[in-house]
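Enquirer: Quick one: this structure, given as structure tokens, is what I'll be asking you about.
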Amino acid sequence: MSGAEPVAGWSWEQVRQALVVVDQQSIVVSATGGATALFGCHENALVGSSLAQQFTDPDGFQALLAGDGQDQGAGGQLQTLTGAMVRLDCLRCLSADGAAGDGGFSILLTPAGGRRQEDQWRETRMAKLSLLNQVSDALYGADLDLEQILQAILVCMTADQGLRFNRAFVLLVEDGVLRGKMAIGPNNADEAAEIWRELAGQSAELLEMVAQYDQTIRETDVAVNQMVTAIEVDMTRTDHTLIKTLTEAHVRRVSPESEEAGAAELRAQLNCREFAVAPMITRRGPVGVIVADNAISNTPISDLDLEFLQMFANQSAGAIENSRLYAELAQRLQDLSLAHEKQREDQETLLKMERLSVMGETSAIVAHELRNPLVAIGGFARSLTRNIAADDPNLAAAKIIAEEVVRMERIIHDLLDFIRPPKLLRQLTVVDEWIDHVAETWRLRAEESEVELVLDLQAGAAEVEMHPGEIQQVVQNFLLNAMQAMTGPGTVEVRTRLVDGGVRVIVADDGPGFDPELVEKLKAPFFSTKPTGSGLGLTICAQIIKAHGGVLAAENRAGGGAKFSFILPLPKNAAN
Amino acid sequence: MSKILIVDDEPNLRLLYETEFQLAGYETRTAADAQAGLVILDSWSPDLVILDIRMSGMDGLETLQQILQRERRVRVIFNTAFSSYRDNYLTWAADAYVTKSADVTELLDKVSELLQTELTAKQ
């Protein structure tokens, strides 16, 4: 400083703070070493020059000094030509006579780097938080289907007002596989410029942007969509970078050099270098991942970017899950409604059938009940026709009565024929299987009576049309007869054989056989309504077999003992 | 002359059948229910019984069972308004099954047929 002589060897050059004194015209009067270093020039060059010119915004500097015209000038921040951001504290100098006046200014310049950055950070965070707010409106507000939600997510990821990534890819978990679903982002820088230009021109709000997605960006995004849909990673590959993101449940930045499983593959598939992966997880489990990169501008992905990406991914997970649950619910409701409808229809049909059945039953009963009176009416009318003289006019009346009764009987007959359900009592049965079953149920009883039951079934797979219950009755009858005939231990054989056109069933014992008198007793039918009754008698058995189109025989065996047998005919078409 | 027992719970039908059978030359007795019928069966020993199925008290099927347990074998014809019992094999022990009709001819023919074979068998 001019005037006072400093301590020997000392000069203002040695002062490291940047302090500059300027006159009223902002010309540098004196400057410290720190100031010259800040401005990147020699003291000689600085002193005598306009300080305003050292800043990128000279007018800003002048405005600062103008301040509010008071003793204290304004403080503020400016950027020097050297690119440093500095804070200026200006204080008016005293005039030569000691009064505050136009004495110029002394200006202390301090680097504002750290604080400025922090402020910027804070600003950006605020902006992005308010964005997230907007986004949640966009995602949760309307009735969006999954497709629309994915689009909204992607637009928010890349829009200027959004998270500002160049490109974003969404992959969802389906049946244990992470699959690429949708992507957004220009395939090259030219496309990017075009799109941002177009959209900037419209300066749309985020929500509007989301709505406009269909029109503008879709056509240009064919390439990235092809890229993403080609990606498929099985969830069991826990070492894969994408799956790892899900298991660790935290966003991660994957560097261009990363050698993690799948990283190189993804870089190749997506044609990018550095990328970020954010997991989308809800309480129900992993929903998918969002992959983002700046492959066009190659802007490094900052920590702030990652932080917001995570927050956004969390919201997206919820929105996707929501839409899926909603779709599931809608489907279930539809299924339920269909089932309900079907049930209602079935019930109606059942009611109808019941009504018909009841009607049928009632009709049958009525028809039958009508028969008795008709028999009386018609019967006596006939007898009248016999007894009334031929020339008696009453004869005609009697005849008419008789005729009308005949007519009524016919109606009843037809009605009952119509109502009667078809006879479904007979079915094709494998003879051997059935005979085996029937005989086996008697094994215990046979053992109790010390009778050995021997089965010799050789009819193979031959089938006949039979009423199983009735045939069972016949065979049981034979078995009962055999056991009753034998007084001590013995053997009863049950055999089946294929004969010409039929199957023969034989029950033979080695008892005393029967004498002719016994035949009569056997033929006398005695029956019980209980299933374990004492038997039907031979006549009934004969009737049953006859009804089946077969023949029954009873005889004495040559070596002693009785033999009962019957033949059941094979069905017509199988008789060959 | 052959003896016919008619068991039917309808009084008008009993009258009709009695008239018709007597006209045809048979000796007849009637009963309104199974119990009465069995009493007549045991005391009068008819050659043939015409049995209704649907009666109050013991029905025709059970009655047949009772009849057949007797030593002496008597012919039995089921005469019923209900054709559905035809499928029930319990009725197969009877000698015939006739569906009631105002035209008594079928019944008369069956009776005649059965009694004829009876006569032939006895010879």
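Here, A, B, ... name the chains of the structure tokens in the order displayed, residue numbers run from 1 inside each chain, and ligands are numbered from 1 in the same displayed order.
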For stretch 61-64 of chain B, list every protein, DNA or RNA residue within 7 Å, evaluated using only C-alpha atoms, and leave out those in the same chain fewer than 4 positions away; present the list as a compact mmCIF listing (two decimals) with C-alpha atoms, in the first residue's frame.

Expert:
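Printed below is selection-v3.txt as written:
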# COMPACT_ATOMS: atom_id res chain seq x y z
CA ALA B 34 -104.38 -109.69 2.64
CA ILE B 53 -100.50 -105.39 -5.11
CA LEU B 68 -95.80 -119.59 -1.02
CA LEU B 90 -90.16 -110.45 -6.47
CA THR B 91 -93.23 -110.64 -8.65

Enquirer: Enumerate as a PDB file with N, CA and C atoms, in the first residue's frame the residues belonging to chain B that approach chain A to within 8 Å, with only C-alpha atoms taken into account.

Expert:
ATOM      1  N   GLU B  10    -110.630-102.609  -3.529  1.00  0.00           N
ATOM      2  CA  GLU B  10    -111.706-101.797  -4.103  1.00  0.00           C
ATOM      3  C   GLU B  10    -113.003-102.613  -4.170  1.00  0.00           C
ATOM      4  N   ASN B  12    -115.929-102.045  -5.594  1.00  0.00           N
ATOM      5  CA  ASN B  12    -116.556-102.123  -6.917  1.00  0.00           C
ATOM      6  C   ASN B  12    -115.846-103.138  -7.806  1.00  0.00           C
ATOM      7  N   LEU B  13    -114.547-103.203  -7.679  1.00  0.00           N
ATOM      8  CA  LEU B  13    -113.802-104.148  -8.499  1.00  0.00           C
ATOM      9  C   LEU B  13    -114.051-105.583  -8.026  1.00  0.00           C
ATOM     10  N   LEU B  16    -117.209-106.503  -9.586  1.00  0.00           N
ATOM     11  CA  LEU B  16    -117.037-106.727 -11.025  1.00  0.00           C
ATOM     12  C   LEU B  16    -116.423-108.088 -11.304  1.00  0.00           C
ATOM     13  N   GLN B  65     -95.439-113.965  -0.619  1.00  0.00           N
ATOM     14  CA  GLN B  65     -94.454-114.653   0.202  1.00  0.00           C
ATOM     15  C   GLN B  65     -95.121-115.577   1.206  1.00  0.00           C
ATOM     16  N   LEU B  68     -96.737-118.585  -0.529  1.00  0.00           N
ATOM     17  CA  LEU B  68     -95.804-119.594  -1.024  1.00  0.00           C
ATOM     18  C   LEU B  68     -95.161-120.406   0.097  1.00  0.00           C
ATOM     19  N   GLN B  69     -95.243-119.882   1.313  1.00  0.00           N
ATOM     20  CA  GLN B  69     -94.654-120.627   2.417  1.00  0.00           C
ATOM     21  C   GLN B  69     -95.571-121.764   2.864  1.00  0.00           C
ATOM     22  N   ALA B  81    -103.090-102.163 -10.946  1.00  0.00           N
ATOM     23  CA  ALA B  81    -103.138-100.955 -11.787  1.00  0.00           C
ATOM     24  C   ALA B  81    -101.730-100.441 -12.069  1.00  0.00           C
ATOM     25  N   PHE B  82    -100.763-100.904 -11.291  1.00  0.00           N
ATOM     26  CA  PHE B  82     -99.394-100.375 -11.403  1.00  0.00           C
ATOM     27  C   PHE B  82     -98.516-101.320 -12.212  1.00  0.00           C
ATOM     28  N   TYR B  89     -88.287-108.359  -9.510  1.00  0.00           N
ATOM     29  CA  TYR B  89     -88.260-109.807  -9.657  1.00  0.00           C
ATOM     30  C   TYR B  89     -89.004-110.558  -8.550  1.00  0.00           C
ATOM     31  N   TRP B  92     -91.840-112.188  -9.881  1.00  0.00           N
ATOM     32  CA  TRP B  92     -91.647-113.284 -10.831  1.00  0.00           C
ATOM     33  C   TRP B  92     -92.024-114.646 -10.262  1.00  0.00           C
ATOM     34  N   ALA B  93     -92.176-114.688  -8.979  1.00  0.00           N
ATOM     35  CA  ALA B  93     -92.580-115.957  -8.367  1.00  0.00           C
ATOM     36  C   ALA B  93     -94.064-116.243  -8.631  1.00  0.00           C
ATOM     37  N   LYS B 100    -104.343-104.190 -14.662  1.00  0.00           N
ATOM     38  CA  LYS B 100    -105.810-104.052 -14.599  1.00  0.00           C
ATOM     39  C   LYS B 100    -106.366-103.316 -15.795  1.00  0.00           C
ATOM     40  N   SER B 101    -107.457-103.813 -16.305  1.00  0.00           N
ATOM     41  CA  SER B 101    -108.106-103.151 -17.416  1.00  0.00           C
ATOM     42  C   SER B 101    -109.609-103.351 -17.296  1.00  0.00           C
ATOM     43  N   ALA B 102    -110.368-102.447 -17.915  1.00  0.00           N
ATOM     44  CA  ALA B 102    -111.818-102.585 -17.916  1.00  0.00           C
ATOM     45  C   ALA B 102    -112.209-103.824 -18.728  1.00  0.00           C
ATOM     46  N   ASP B 103    -111.328-104.187 -19.635  1.00  0.00           N
ATOM     47  CA  ASP B 103    -111.537-105.395 -20.413  1.00  0.00           C
ATOM     48  C   ASP B 103    -110.991-106.574 -19.618  1.00  0.00           C
ATOM     49  N   VAL B 104    -111.875-107.334 -19.005  1.00  0.00           N
ATOM     50  CA  VAL B 104    -111.468-108.418 -18.096  1.00  0.00           C
ATOM     51  C   VAL B 104    -111.029-109.661 -18.860  1.00  0.00           C
TER      52      VAL B 104
END

Enquirer: Tell me, as a list in words, which residues lie within 9 Å of B:Arg14, counting only C-alpha atoms; anything in the same chain fewer than 5 positions away does not count.

Expert: Ile6, Val7, Asp8, Asp9, Thr19, Thr30, Ala31 and Ala32 of chain B

Enquirer: Skipping near chain neighbours, those fewer than 6 positions away, what residues fall within 9 Å of A:Gln427 using only C-alpha atoms, listed as a PDB file with C-alpha atoms, in the first residue's frame?

Expert:
ATOM      1  CA  VAL A 464     -72.056-109.915 -21.054  1.00  0.00           C
ATOM      2  CA  GLU A 465     -75.011-107.597 -20.703  1.00  0.00           C
ATOM      3  CA  MET A 466     -76.292-108.329 -17.204  1.00  0.00           C
ATOM      4  CA  HIS A 467     -77.992-106.994 -14.120  1.00  0.00           C
ATOM      5  CA  PRO A 468     -75.115-107.518 -11.673  1.00  0.00           C
TER       6      PRO A 468
END

Enquirer: Can you tell me, as a list of chain:residue names, which residues in stretch 43-92 of chain B count as strand (DSSP E or B) by DSSP?

Expert: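 DSSP-assigned strand (DSSP E or B) residues in stretch 43-92 of chain B: B:Leu48, B:Val49, B:Ile50, B:Leu51, B:Arg75, B:Val76, B:Ile77, B:Phe78, B:Asn79, B:Thr80.
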
Enquirer: Using only C-alpha atoms, which residues sit within 9 Å of A:Val15 once same-chain residues fewer than 4 positions away are excluded, as a PyMOL selection string?

Expert: chain A and resi 11+19+32-35
